[in-house]
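Asker: Input structure: target_13.cif, which contains mmCIF, N, CA and C atoms.
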```cif
data_start
loop_
_atom_site.label_atom_id
_atom_site.label_comp_id
_atom_site.auth_asym_id
_atom_site.auth_seq_id
_atom_site.Cartn_x
_atom_site.Cartn_y
_atom_site.Cartn_z
N MET A 27 6.43 -14.47 19.36
CA MET A 27 5.24 -14.91 18.67
C MET A 27 4.18 -15.32 19.69
N ALA A 28 2.96 -14.96 19.44
CA ALA A 28 1.87 -15.23 20.38
C ALA A 28 1.55 -16.72 20.43
N GLU A 29 1.31 -17.20 21.63
CA GLU A 29 0.83 -18.56 21.83
C GLU A 29 -0.64 -18.60 21.45
N LYS A 30 -1.19 -19.79 21.32
CA LYS A 30 -2.58 -19.95 20.88
C LYS A 30 -3.56 -19.18 21.77
N ASP A 31 -3.30 -19.11 23.09
CA ASP A 31 -4.22 -18.44 24.02
C ASP A 31 -3.94 -16.95 24.18
N GLN A 32 -2.76 -16.52 23.76
CA GLN A 32 -2.38 -15.12 23.93
C GLN A 32 -2.82 -14.28 22.75
N ALA A 33 -3.03 -13.00 23.02
CA ALA A 33 -3.36 -12.07 21.94
C ALA A 33 -2.11 -11.84 21.09
N PRO A 34 -2.26 -11.83 19.78
CA PRO A 34 -1.11 -11.61 18.90
C PRO A 34 -0.66 -10.15 18.92
N SER A 35 0.56 -9.93 18.48
CA SER A 35 1.04 -8.57 18.30
C SER A 35 0.81 -8.18 16.84
N VAL A 36 0.35 -6.95 16.65
CA VAL A 36 -0.07 -6.51 15.32
C VAL A 36 0.61 -5.20 14.97
N ILE A 37 1.13 -5.14 13.76
CA ILE A 37 1.67 -3.90 13.23
C ILE A 37 0.79 -3.50 12.05
N TYR A 38 0.54 -2.21 11.92
CA TYR A 38 -0.38 -1.72 10.92
C TYR A 38 0.21 -0.50 10.23
N ALA A 39 0.03 -0.43 8.92
CA ALA A 39 0.52 0.71 8.15
C ALA A 39 -0.62 1.34 7.36
N ALA A 40 -0.75 2.66 7.52
CA ALA A 40 -1.72 3.45 6.76
C ALA A 40 -1.20 4.88 6.68
N GLU A 41 -1.49 5.54 5.58
CA GLU A 41 -1.02 6.91 5.40
C GLU A 41 -1.85 7.91 6.22
N GLU A 42 -3.14 7.63 6.37
CA GLU A 42 -4.04 8.58 7.01
C GLU A 42 -4.20 8.30 8.50
N GLU A 43 -4.12 9.35 9.28
CA GLU A 43 -4.25 9.23 10.73
C GLU A 43 -5.60 8.63 11.12
N PHE A 44 -6.65 9.00 10.40
CA PHE A 44 -7.98 8.46 10.69
C PHE A 44 -7.98 6.93 10.60
N MET A 45 -7.35 6.38 9.55
CA MET A 45 -7.30 4.93 9.39
C MET A 45 -6.46 4.27 10.49
N LEU A 46 -5.37 4.91 10.85
CA LEU A 46 -4.55 4.38 11.95
C LEU A 46 -5.37 4.27 13.23
N ARG A 47 -6.12 5.31 13.54
CA ARG A 47 -6.93 5.30 14.76
C ARG A 47 -8.08 4.30 14.68
N LEU A 48 -8.72 4.22 13.53
CA LEU A 48 -9.83 3.29 13.34
C LEU A 48 -9.39 1.84 13.58
N ILE A 49 -8.32 1.44 12.95
CA ILE A 49 -7.84 0.07 13.09
C ILE A 49 -7.29 -0.17 14.49
N ARG A 50 -6.59 0.79 15.05
CA ARG A 50 -6.09 0.64 16.42
C ARG A 50 -7.26 0.43 17.38
N ASP A 51 -8.35 1.16 17.20
CA ASP A 51 -9.53 0.99 18.06
C ASP A 51 -10.18 -0.37 17.87
N LEU A 52 -10.28 -0.84 16.62
CA LEU A 52 -10.82 -2.18 16.37
C LEU A 52 -9.97 -3.25 17.05
N LEU A 53 -8.65 -3.10 16.96
CA LEU A 53 -7.75 -4.07 17.57
C LEU A 53 -7.85 -4.04 19.09
N ARG A 54 -7.85 -2.87 19.67
CA ARG A 54 -7.94 -2.77 21.13
C ARG A 54 -9.28 -3.30 21.65
N ALA A 55 -10.36 -3.05 20.91
CA ALA A 55 -11.65 -3.59 21.30
C ALA A 55 -11.67 -5.11 21.19
N SER A 56 -10.72 -5.67 20.45
CA SER A 56 -10.58 -7.11 20.31
C SER A 56 -9.57 -7.66 21.32
N ASN A 57 -9.21 -6.86 22.32
CA ASN A 57 -8.25 -7.22 23.37
C ASN A 57 -6.84 -7.47 22.85
N ILE A 58 -6.48 -6.80 21.79
CA ILE A 58 -5.11 -6.87 21.28
C ILE A 58 -4.41 -5.60 21.72
N LYS A 59 -3.47 -5.78 22.63
CA LYS A 59 -2.82 -4.63 23.26
C LYS A 59 -1.52 -4.21 22.58
N THR A 60 -0.81 -5.16 21.96
CA THR A 60 0.45 -4.83 21.30
C THR A 60 0.16 -4.45 19.86
N VAL A 61 0.10 -3.14 19.62
CA VAL A 61 -0.24 -2.62 18.30
C VAL A 61 0.79 -1.57 17.91
N GLY A 62 1.42 -1.78 16.78
CA GLY A 62 2.35 -0.80 16.25
C GLY A 62 1.75 -0.16 15.01
N THR A 63 1.92 1.14 14.87
CA THR A 63 1.38 1.83 13.71
C THR A 63 2.49 2.60 12.99
N ASN A 64 2.34 2.67 11.68
CA ASN A 64 3.30 3.39 10.85
C ASN A 64 2.55 4.12 9.75
N ARG A 65 3.11 5.25 9.33
CA ARG A 65 2.49 6.04 8.26
C ARG A 65 3.03 5.66 6.88
N SER A 66 3.98 4.73 6.83
CA SER A 66 4.50 4.29 5.53
C SER A 66 4.79 2.80 5.59
N LEU A 67 4.68 2.15 4.44
CA LEU A 67 5.02 0.74 4.36
C LEU A 67 6.50 0.51 4.65
N LYS A 68 7.34 1.40 4.16
CA LYS A 68 8.78 1.27 4.38
C LYS A 68 9.09 1.27 5.87
N ASP A 69 8.50 2.21 6.63
CA ASP A 69 8.75 2.27 8.07
C ASP A 69 8.26 1.01 8.78
N ALA A 70 7.11 0.51 8.36
CA ALA A 70 6.56 -0.70 8.98
C ALA A 70 7.47 -1.90 8.69
N ILE A 71 7.92 -2.02 7.46
CA ILE A 71 8.81 -3.13 7.10
C ILE A 71 10.13 -3.02 7.84
N ASP A 72 10.66 -1.81 7.97
CA ASP A 72 11.88 -1.59 8.75
C ASP A 72 11.67 -2.01 10.20
N ASP A 73 10.50 -1.72 10.76
CA ASP A 73 10.18 -2.11 12.14
C ASP A 73 10.12 -3.63 12.27
N ILE A 74 9.53 -4.29 11.28
CA ILE A 74 9.46 -5.75 11.30
C ILE A 74 10.88 -6.33 11.24
N ARG A 75 11.72 -5.78 10.38
CA ARG A 75 13.11 -6.25 10.29
C ARG A 75 13.86 -6.06 11.60
N ALA A 76 13.65 -4.91 12.24
CA ALA A 76 14.37 -4.58 13.47
C ALA A 76 13.96 -5.46 14.65
N HIS A 77 12.73 -5.96 14.62
CA HIS A 77 12.21 -6.76 15.74
C HIS A 77 11.72 -8.09 15.18
N ALA A 78 12.66 -8.88 14.73
CA ALA A 78 12.43 -10.08 13.92
C ALA A 78 11.13 -10.83 14.20
N ARG A 79 10.91 -11.32 15.38
CA ARG A 79 9.74 -12.16 15.63
C ARG A 79 8.73 -11.51 16.56
N LYS A 80 8.82 -10.21 16.73
CA LYS A 80 7.89 -9.52 17.63
C LYS A 80 6.48 -9.49 17.07
N TRP A 81 6.34 -9.30 15.77
CA TRP A 81 5.04 -9.10 15.16
C TRP A 81 4.47 -10.39 14.59
N ASP A 82 3.21 -10.66 14.92
CA ASP A 82 2.51 -11.84 14.41
C ASP A 82 1.70 -11.53 13.17
N VAL A 83 1.15 -10.31 13.11
CA VAL A 83 0.25 -9.93 12.01
C VAL A 83 0.63 -8.55 11.50
N PHE A 84 0.60 -8.41 10.17
CA PHE A 84 0.84 -7.12 9.54
C PHE A 84 -0.43 -6.76 8.77
N LEU A 85 -1.11 -5.70 9.22
CA LEU A 85 -2.29 -5.19 8.54
C LEU A 85 -1.84 -4.08 7.60
N ILE A 86 -2.22 -4.19 6.34
CA ILE A 86 -1.75 -3.25 5.33
C ILE A 86 -2.94 -2.55 4.69
N ASP A 87 -2.92 -1.24 4.73
CA ASP A 87 -3.95 -0.44 4.07
C ASP A 87 -3.75 -0.57 2.56
N GLY A 88 -4.75 -1.05 1.88
CA GLY A 88 -4.67 -1.26 0.44
C GLY A 88 -4.61 0.01 -0.37
N ASN A 89 -4.72 1.17 0.26
CA ASN A 89 -4.64 2.43 -0.47
C ASN A 89 -3.20 2.83 -0.80
N PHE A 90 -2.22 2.13 -0.24
CA PHE A 90 -0.83 2.40 -0.63
C PHE A 90 -0.68 1.99 -2.10
N PRO A 91 -0.06 2.85 -2.92
CA PRO A 91 0.10 2.51 -4.34
C PRO A 91 0.88 1.22 -4.58
N ASP A 92 1.80 0.90 -3.67
CA ASP A 92 2.63 -0.29 -3.84
C ASP A 92 2.26 -1.41 -2.87
N ALA A 93 1.00 -1.46 -2.45
CA ALA A 93 0.56 -2.45 -1.46
C ALA A 93 0.79 -3.88 -1.94
N PHE A 94 0.38 -4.20 -3.16
CA PHE A 94 0.51 -5.57 -3.65
C PHE A 94 1.97 -5.98 -3.81
N GLU A 95 2.78 -5.08 -4.34
CA GLU A 95 4.21 -5.37 -4.50
C GLU A 95 4.87 -5.56 -3.13
N SER A 96 4.46 -4.75 -2.16
CA SER A 96 5.02 -4.85 -0.81
C SER A 96 4.63 -6.17 -0.15
N ILE A 97 3.40 -6.60 -0.36
CA ILE A 97 2.97 -7.89 0.19
C ILE A 97 3.85 -9.01 -0.36
N ASP A 98 4.10 -8.98 -1.65
CA ASP A 98 4.94 -10.00 -2.28
C ASP A 98 6.35 -9.98 -1.69
N LYS A 99 6.93 -8.81 -1.53
CA LYS A 99 8.28 -8.68 -0.97
C LYS A 99 8.32 -9.14 0.49
N ILE A 100 7.31 -8.76 1.27
CA ILE A 100 7.25 -9.15 2.68
C ILE A 100 7.16 -10.66 2.79
N ARG A 101 6.30 -11.26 1.98
CA ARG A 101 6.13 -12.71 2.02
C ARG A 101 7.43 -13.41 1.67
N GLN A 102 8.13 -12.90 0.65
CA GLN A 102 9.41 -13.51 0.25
C GLN A 102 10.46 -13.37 1.35
N GLU A 103 10.51 -12.20 1.99
CA GLU A 103 11.54 -11.96 3.00
C GLU A 103 11.25 -12.63 4.33
N PHE A 104 10.00 -12.60 4.79
CA PHE A 104 9.68 -13.09 6.13
C PHE A 104 8.99 -14.45 6.14
N GLY A 105 8.61 -14.94 4.99
CA GLY A 105 7.97 -16.25 4.92
C GLY A 105 6.62 -16.27 5.60
N PRO A 106 6.19 -17.46 6.02
CA PRO A 106 4.85 -17.60 6.59
C PRO A 106 4.74 -17.16 8.05
N HIS A 107 5.87 -16.79 8.68
CA HIS A 107 5.83 -16.39 10.10
C HIS A 107 4.81 -15.29 10.37
N ILE A 108 4.81 -14.29 9.53
CA ILE A 108 3.92 -13.15 9.77
C ILE A 108 2.67 -13.29 8.89
N LYS A 109 1.52 -13.09 9.50
CA LYS A 109 0.26 -13.13 8.76
C LYS A 109 0.05 -11.77 8.11
N LEU A 110 -0.41 -11.76 6.86
CA LEU A 110 -0.63 -10.52 6.13
C LEU A 110 -2.11 -10.37 5.84
N LEU A 111 -2.67 -9.26 6.30
CA LEU A 111 -4.09 -8.98 6.11
C LEU A 111 -4.22 -7.64 5.41
N LEU A 112 -4.83 -7.64 4.23
CA LEU A 112 -5.00 -6.42 3.44
C LEU A 112 -6.38 -5.84 3.70
N LEU A 113 -6.43 -4.53 3.93
CA LEU A 113 -7.67 -3.83 4.20
C LEU A 113 -7.92 -2.81 3.10
N MET A 114 -9.13 -2.84 2.51
CA MET A 114 -9.48 -1.89 1.45
C MET A 114 -10.93 -1.46 1.60
N SER A 115 -11.22 -0.27 1.12
CA SER A 115 -12.59 0.24 1.22
C SER A 115 -13.43 -0.02 -0.02
N SER A 116 -12.83 -0.14 -1.17
CA SER A 116 -13.62 -0.38 -2.38
C SER A 116 -12.85 -1.28 -3.35
N PRO A 117 -12.59 -2.52 -2.96
CA PRO A 117 -11.80 -3.40 -3.82
C PRO A 117 -12.61 -3.97 -4.98
N THR A 118 -11.91 -4.29 -6.02
CA THR A 118 -12.51 -5.02 -7.12
C THR A 118 -12.18 -6.50 -6.92
N GLN A 119 -12.82 -7.35 -7.68
CA GLN A 119 -12.51 -8.77 -7.59
C GLN A 119 -11.04 -9.00 -7.99
N GLU A 120 -10.56 -8.21 -8.94
CA GLU A 120 -9.16 -8.30 -9.36
C GLU A 120 -8.22 -7.96 -8.20
N ASP A 121 -8.59 -6.96 -7.37
CA ASP A 121 -7.77 -6.60 -6.21
C ASP A 121 -7.65 -7.78 -5.25
N VAL A 122 -8.76 -8.46 -5.01
CA VAL A 122 -8.76 -9.60 -4.10
C VAL A 122 -7.87 -10.71 -4.64
N ILE A 123 -7.97 -10.98 -5.92
CA ILE A 123 -7.15 -12.01 -6.55
C ILE A 123 -5.68 -11.63 -6.48
N LYS A 124 -5.36 -10.37 -6.82
CA LYS A 124 -3.97 -9.90 -6.77
C LYS A 124 -3.41 -9.99 -5.36
N ALA A 125 -4.21 -9.66 -4.36
CA ALA A 125 -3.75 -9.72 -2.97
C ALA A 125 -3.38 -11.15 -2.59
N HIS A 126 -4.22 -12.10 -2.94
CA HIS A 126 -3.92 -13.50 -2.61
C HIS A 126 -2.73 -14.02 -3.42
N GLN A 127 -2.62 -13.62 -4.67
CA GLN A 127 -1.48 -14.04 -5.49
C GLN A 127 -0.18 -13.46 -4.96
N ALA A 128 -0.24 -12.26 -4.40
CA ALA A 128 0.95 -11.61 -3.85
C ALA A 128 1.38 -12.27 -2.54
N GLY A 129 0.47 -12.97 -1.89
CA GLY A 129 0.82 -13.66 -0.64
C GLY A 129 0.04 -13.22 0.58
N ALA A 130 -0.98 -12.38 0.40
CA ALA A 130 -1.81 -11.98 1.54
C ALA A 130 -2.54 -13.21 2.07
N ASP A 131 -2.63 -13.29 3.39
CA ASP A 131 -3.35 -14.41 4.00
C ASP A 131 -4.85 -14.22 3.91
N ASP A 132 -5.29 -12.97 3.96
CA ASP A 132 -6.71 -12.70 3.86
C ASP A 132 -6.93 -11.24 3.54
N PHE A 133 -8.21 -10.87 3.47
CA PHE A 133 -8.62 -9.59 2.94
C PHE A 133 -9.87 -9.14 3.68
N ILE A 134 -9.93 -7.88 4.07
CA ILE A 134 -11.14 -7.34 4.71
C ILE A 134 -11.54 -6.06 3.99
N VAL A 135 -12.82 -5.93 3.75
CA VAL A 135 -13.37 -4.72 3.15
C VAL A 135 -13.86 -3.82 4.29
N LEU A 136 -13.39 -2.58 4.27
CA LEU A 136 -13.81 -1.60 5.27
C LEU A 136 -14.86 -0.67 4.66
N PRO A 137 -15.82 -0.19 5.40
CA PRO A 137 -15.98 -0.41 6.84
C PRO A 137 -16.54 -1.80 7.11
N CYS A 138 -16.24 -2.29 8.28
CA CYS A 138 -16.81 -3.56 8.73
C CYS A 138 -17.15 -3.41 10.20
N SER A 139 -18.00 -4.27 10.67
CA SER A 139 -18.40 -4.22 12.08
C SER A 139 -17.29 -4.80 12.95
N GLN A 140 -17.34 -4.51 14.23
CA GLN A 140 -16.39 -5.07 15.18
C GLN A 140 -16.49 -6.60 15.17
N VAL A 141 -17.70 -7.12 15.11
CA VAL A 141 -17.91 -8.58 15.10
C VAL A 141 -17.26 -9.20 13.87
N ASP A 142 -17.50 -8.62 12.70
CA ASP A 142 -16.90 -9.16 11.48
C ASP A 142 -15.37 -9.08 11.53
N PHE A 143 -14.86 -7.98 12.04
CA PHE A 143 -13.41 -7.81 12.15
C PHE A 143 -12.81 -8.86 13.07
N GLU A 144 -13.41 -9.05 14.24
CA GLU A 144 -12.90 -10.03 15.20
C GLU A 144 -12.98 -11.44 14.63
N ASP A 145 -14.08 -11.78 13.97
CA ASP A 145 -14.21 -13.11 13.39
C ASP A 145 -13.13 -13.35 12.35
N LYS A 146 -12.92 -12.39 11.47
CA LYS A 146 -11.91 -12.53 10.43
C LYS A 146 -10.52 -12.65 11.04
N PHE A 147 -10.26 -11.83 12.04
CA PHE A 147 -8.95 -11.84 12.69
C PHE A 147 -8.73 -13.16 13.43
N ASN A 148 -9.73 -13.65 14.14
CA ASN A 148 -9.61 -14.92 14.86
C ASN A 148 -9.38 -16.09 13.89
N LEU A 149 -10.08 -16.08 12.76
CA LEU A 149 -9.85 -17.12 11.76
C LEU A 149 -8.42 -17.06 11.23
N LEU A 150 -7.94 -15.86 11.01
CA LEU A 150 -6.58 -15.67 10.53
C LEU A 150 -5.57 -16.26 11.52
N MET A 151 -5.86 -16.13 12.81
CA MET A 151 -4.97 -16.62 13.85
C MET A 151 -5.22 -18.08 14.21
N GLY A 152 -6.14 -18.73 13.51
CA GLY A 152 -6.40 -20.15 13.74
C GLY A 152 -7.28 -20.45 14.93
N LYS A 153 -8.02 -19.45 15.40
CA LYS A 153 -8.92 -19.66 16.53
C LYS A 153 -10.31 -20.01 16.00
N LYS A 154 -11.01 -20.81 16.75
CA LYS A 154 -12.37 -21.15 16.35
C LYS A 154 -13.28 -19.95 16.55
N VAL A 155 -14.21 -19.81 15.63
CA VAL A 155 -15.16 -18.70 15.68
C VAL A 155 -16.55 -19.30 15.81
N ALA A 156 -17.29 -18.84 16.82
CA ALA A 156 -18.65 -19.33 17.02
C ALA A 156 -19.54 -18.84 15.87
N PRO A 157 -20.41 -19.72 15.38
CA PRO A 157 -21.31 -19.28 14.30
C PRO A 157 -22.19 -18.12 14.78
N ARG A 158 -22.30 -17.11 13.94
CA ARG A 158 -23.14 -15.95 14.24
C ARG A 158 -23.89 -15.56 12.99
N LYS A 159 -24.90 -14.80 13.21
CA LYS A 159 -25.60 -14.24 12.06
C LYS A 159 -24.64 -13.28 11.38
N LYS A 160 -24.52 -13.38 10.06
CA LYS A 160 -23.60 -12.53 9.32
C LYS A 160 -24.06 -11.08 9.34
N SER A 161 -23.10 -10.19 9.48
CA SER A 161 -23.36 -8.76 9.45
C SER A 161 -23.66 -8.32 8.03
N THR A 162 -24.47 -7.31 7.91
CA THR A 162 -24.76 -6.75 6.58
C THR A 162 -24.06 -5.41 6.38
N THR A 163 -23.11 -5.07 7.27
CA THR A 163 -22.45 -3.77 7.17
C THR A 163 -21.34 -3.75 6.14
N ALA A 164 -20.80 -4.90 5.79
CA ALA A 164 -19.70 -4.94 4.82
C ALA A 164 -19.56 -6.35 4.27
N VAL A 165 -18.92 -6.42 3.14
CA VAL A 165 -18.60 -7.71 2.54
C VAL A 165 -17.19 -8.06 2.96
N VAL A 166 -16.98 -9.25 3.46
CA VAL A 166 -15.66 -9.68 3.86
C VAL A 166 -15.28 -10.86 2.99
N TYR A 167 -14.24 -10.71 2.19
CA TYR A 167 -13.80 -11.76 1.28
C TYR A 167 -12.92 -12.72 2.02
N CYS A 168 -12.96 -13.97 1.62
CA CYS A 168 -12.05 -14.96 2.19
C CYS A 168 -11.57 -15.88 1.09
N GLN A 169 -10.39 -16.43 1.31
CA GLN A 169 -9.81 -17.35 0.35
C GLN A 169 -10.45 -18.71 0.57
N GLU A 170 -10.85 -19.34 -0.50
CA GLU A 170 -11.48 -20.65 -0.38
C GLU A 170 -10.59 -21.72 -0.93
#
```
Represent the supplied structure as structure tokens.
Answerer:
Amino acid sequence: MAEKDQAPSVIYAAEEEFMLRLIRDLLRASNIKTVGTNRSLKDAIDDIRAHARKWDVFLIDGNFPDAFESIDKIRQEFGPHIKLLLLMSSPTQEDVIKAHQAGADDFIVLPCSQVDFEDKFNLLMGKKVAPRKKSTTAVVYCQE
């Protein structure tokens, strides 16, 4: 598990290669070097099980049909150790509510700017974020 000053390790699941590359690039631009990618939720969950405490954050593409159910199962199995961040391109308010009820720690709407992504990710990891002018490229939901 990453210390407060160290970059966290992140595992990400998406069906589409484009999404895998997009998120991997956002993470690397945020100085996060340990990034695992999977094309299925099952493979990602198997990887988390195989490497118990290696992963700090699990980014889940909300386009998986069973994303919400998987979040609930992951939260029940792994507890609060792993942070869960759901990414979607066109969520409804109901999607955001369902994600939080399932156990997601937070939610990001894609596309988003690098600045918005880093701010959201740093908040998720408990790091202080310097106040900045908000980006107008995307809406980023947060739990209040």
Asker: Can you pull out every residue within 5 Å of segment 52-65 of chain A, counting only N, CA and C atoms, but drop anything in the same chain fewer than 6 positions away, and send it as a PyMOL selection string?
Answerer: chain A and resi 35-41
Asker: Excluding Asp92 of chain A and any residue of its chain fewer than 4 positions from it, enumerate the residues within 12 Å of it, using only C-alpha atoms, and give them as an MDAnalysis selection string.
Answerer: chainID A and resid 66:68 86:88 96:100 125 128
Asker: Please dump the current selection as a PDB file, in the coordinates of the input; keep N, CA and C atoms.
Answerer:
```pdb
ATOM      1  N   SER A  66       3.980   4.730   6.830  1.00  0.00           N
ATOM      2  CA  SER A  66       4.500   4.290   5.530  1.00  0.00           C
ATOM      3  C   SER A  66       4.790   2.800   5.590  1.00  0.00           C
ATOM      4  N   LEU A  67       4.680   2.150   4.440  1.00  0.00           N
ATOM      5  CA  LEU A  67       5.020   0.740   4.360  1.00  0.00           C
ATOM      6  C   LEU A  67       6.500   0.510   4.650  1.00  0.00           C
ATOM      7  N   LYS A  68       7.340   1.400   4.160  1.00  0.00           N
ATOM      8  CA  LYS A  68       8.780   1.270   4.380  1.00  0.00           C
ATOM      9  C   LYS A  68       9.090   1.270   5.870  1.00  0.00           C
ATOM     10  N   ILE A  86      -2.220  -4.190   6.340  1.00  0.00           N
ATOM     11  CA  ILE A  86      -1.750  -3.250   5.330  1.00  0.00           C
ATOM     12  C   ILE A  86      -2.940  -2.550   4.690  1.00  0.00           C
ATOM     13  N   ASP A  87      -2.920  -1.240   4.730  1.00  0.00           N
ATOM     14  CA  ASP A  87      -3.950  -0.440   4.070  1.00  0.00           C
ATOM     15  C   ASP A  87      -3.750  -0.570   2.560  1.00  0.00           C
ATOM     16  N   GLY A  88      -4.750  -1.050   1.880  1.00  0.00           N
ATOM     17  CA  GLY A  88      -4.670  -1.260   0.440  1.00  0.00           C
ATOM     18  C   GLY A  88      -4.610   0.010  -0.370  1.00  0.00           C
ATOM     19  N   SER A  96       4.460  -4.750  -2.160  1.00  0.00           N
ATOM     20  CA  SER A  96       5.020  -4.850  -0.810  1.00  0.00           C
ATOM     21  C   SER A  96       4.630  -6.170  -0.150  1.00  0.00           C
ATOM     22  N   ILE A  97       3.400  -6.600  -0.360  1.00  0.00           N
ATOM     23  CA  ILE A  97       2.970  -7.890   0.190  1.00  0.00           C
ATOM     24  C   ILE A  97       3.850  -9.010  -0.360  1.00  0.00           C
ATOM     25  N   ASP A  98       4.100  -8.980  -1.650  1.00  0.00           N
ATOM     26  CA  ASP A  98       4.940 -10.000  -2.280  1.00  0.00           C
ATOM     27  C   ASP A  98       6.350  -9.980  -1.690  1.00  0.00           C
ATOM     28  N   LYS A  99       6.930  -8.810  -1.530  1.00  0.00           N
ATOM     29  CA  LYS A  99       8.280  -8.680  -0.970  1.00  0.00           C
ATOM     30  C   LYS A  99       8.320  -9.140   0.490  1.00  0.00           C
ATOM     31  N   ILE A 100       7.310  -8.760   1.270  1.00  0.00           N
ATOM     32  CA  ILE A 100       7.250  -9.150   2.680  1.00  0.00           C
ATOM     33  C   ILE A 100       7.160 -10.660   2.790  1.00  0.00           C
ATOM     34  N   ALA A 125      -4.210  -9.660  -4.360  1.00  0.00           N
ATOM     35  CA  ALA A 125      -3.750  -9.720  -2.970  1.00  0.00           C
ATOM     36  C   ALA A 125      -3.380 -11.150  -2.590  1.00  0.00           C
ATOM     37  N   ALA A 128      -0.240 -12.260  -4.400  1.00  0.00           N
ATOM     38  CA  ALA A 128       0.950 -11.610  -3.850  1.00  0.00           C
ATOM     39  C   ALA A 128       1.380 -12.270  -2.540  1.00  0.00           C
TER      40      ALA A 128
END
```
Asker: One number please: atom CA of Met45 of chain A to atom CA of Leu112 of chain A, in Å, one decimal.
Answerer: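 Taking atom CA of Met45 of chain A and atom CA of Leu112 of chain A, their separation equals 13.0 Å.
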Asker: Please determine an axis-aligned box that encloses all atoms of segment 74-90 of chain A listed in the file, with 8 Å added on each side, and express its centre and edge lengths in Å to one decimal as lines of an AutoDock Vina configuration file.
Answerer:
```
center_x = 4.8
center_y = -4.7
center_z = 7.8
size_x = 35.1
size_y = 31.0
size_z = 35.7
```
Asker: With the cut-off set at 8 Å and counting only N, CA and C atoms, tabulate each residue of segment 89-113 of chain A with an atom at most that distance from an atom of segment 131-155 of chain A, showing the nearest atom pair and its distance in Å to one decimal, ordered by chain and increasing number, as CSV.
Answerer:
```
residue,atom,partner,partner_atom,distance
A:Ile108,C,A:Asp131,N,7.6
A:Lys109,C,A:Asp131,N,5.6
A:Leu110,C,A:Asp131,N,3.8
A:Leu111,CA,A:Asp132,C,4.4
A:Leu112,C,A:Ile134,N,4.1
A:Leu113,CA,A:Ile134,C,4.5
```
Asker: Just list as a PyMOL selection string whatever in segment 33-165 of chain A DSSP marks as helix (DSSP H, G or I).
Answerer: chain A and resi 43-55+67-76+93-107+119-128+140-150
Asker: To one decimal place in Å, what is the distance between atom CA of Arg79 of chain A and atom CA of Gly105 of chain A?
Answerer: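 Result for atom CA of Arg79 of chain A versus atom CA of Gly105 of chain A: 11.6 Å, one decimal.
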Asker: Quick check, in Å to one decimal: how far apart do atom C of Asn89 of chain A and atom CA of Pro34 of chain A lie?
Answerer: 24.5 Å
Asker: Using backbone DSSP assignments, extract all strand (DSSP E or B) residues from chain A; output them as a list in words.
Answerer: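 Put together, the selection reads Val36, Ile37, Tyr38, Ala39, Val61, Gly62, Thr63, Asn64, Val83, Phe84, Leu85, Ile86, Asp87, Lys109, Leu110, Leu111, Leu112, Leu113, Met114, Asp132, Phe133, Ile134 and Val135 of chain A.
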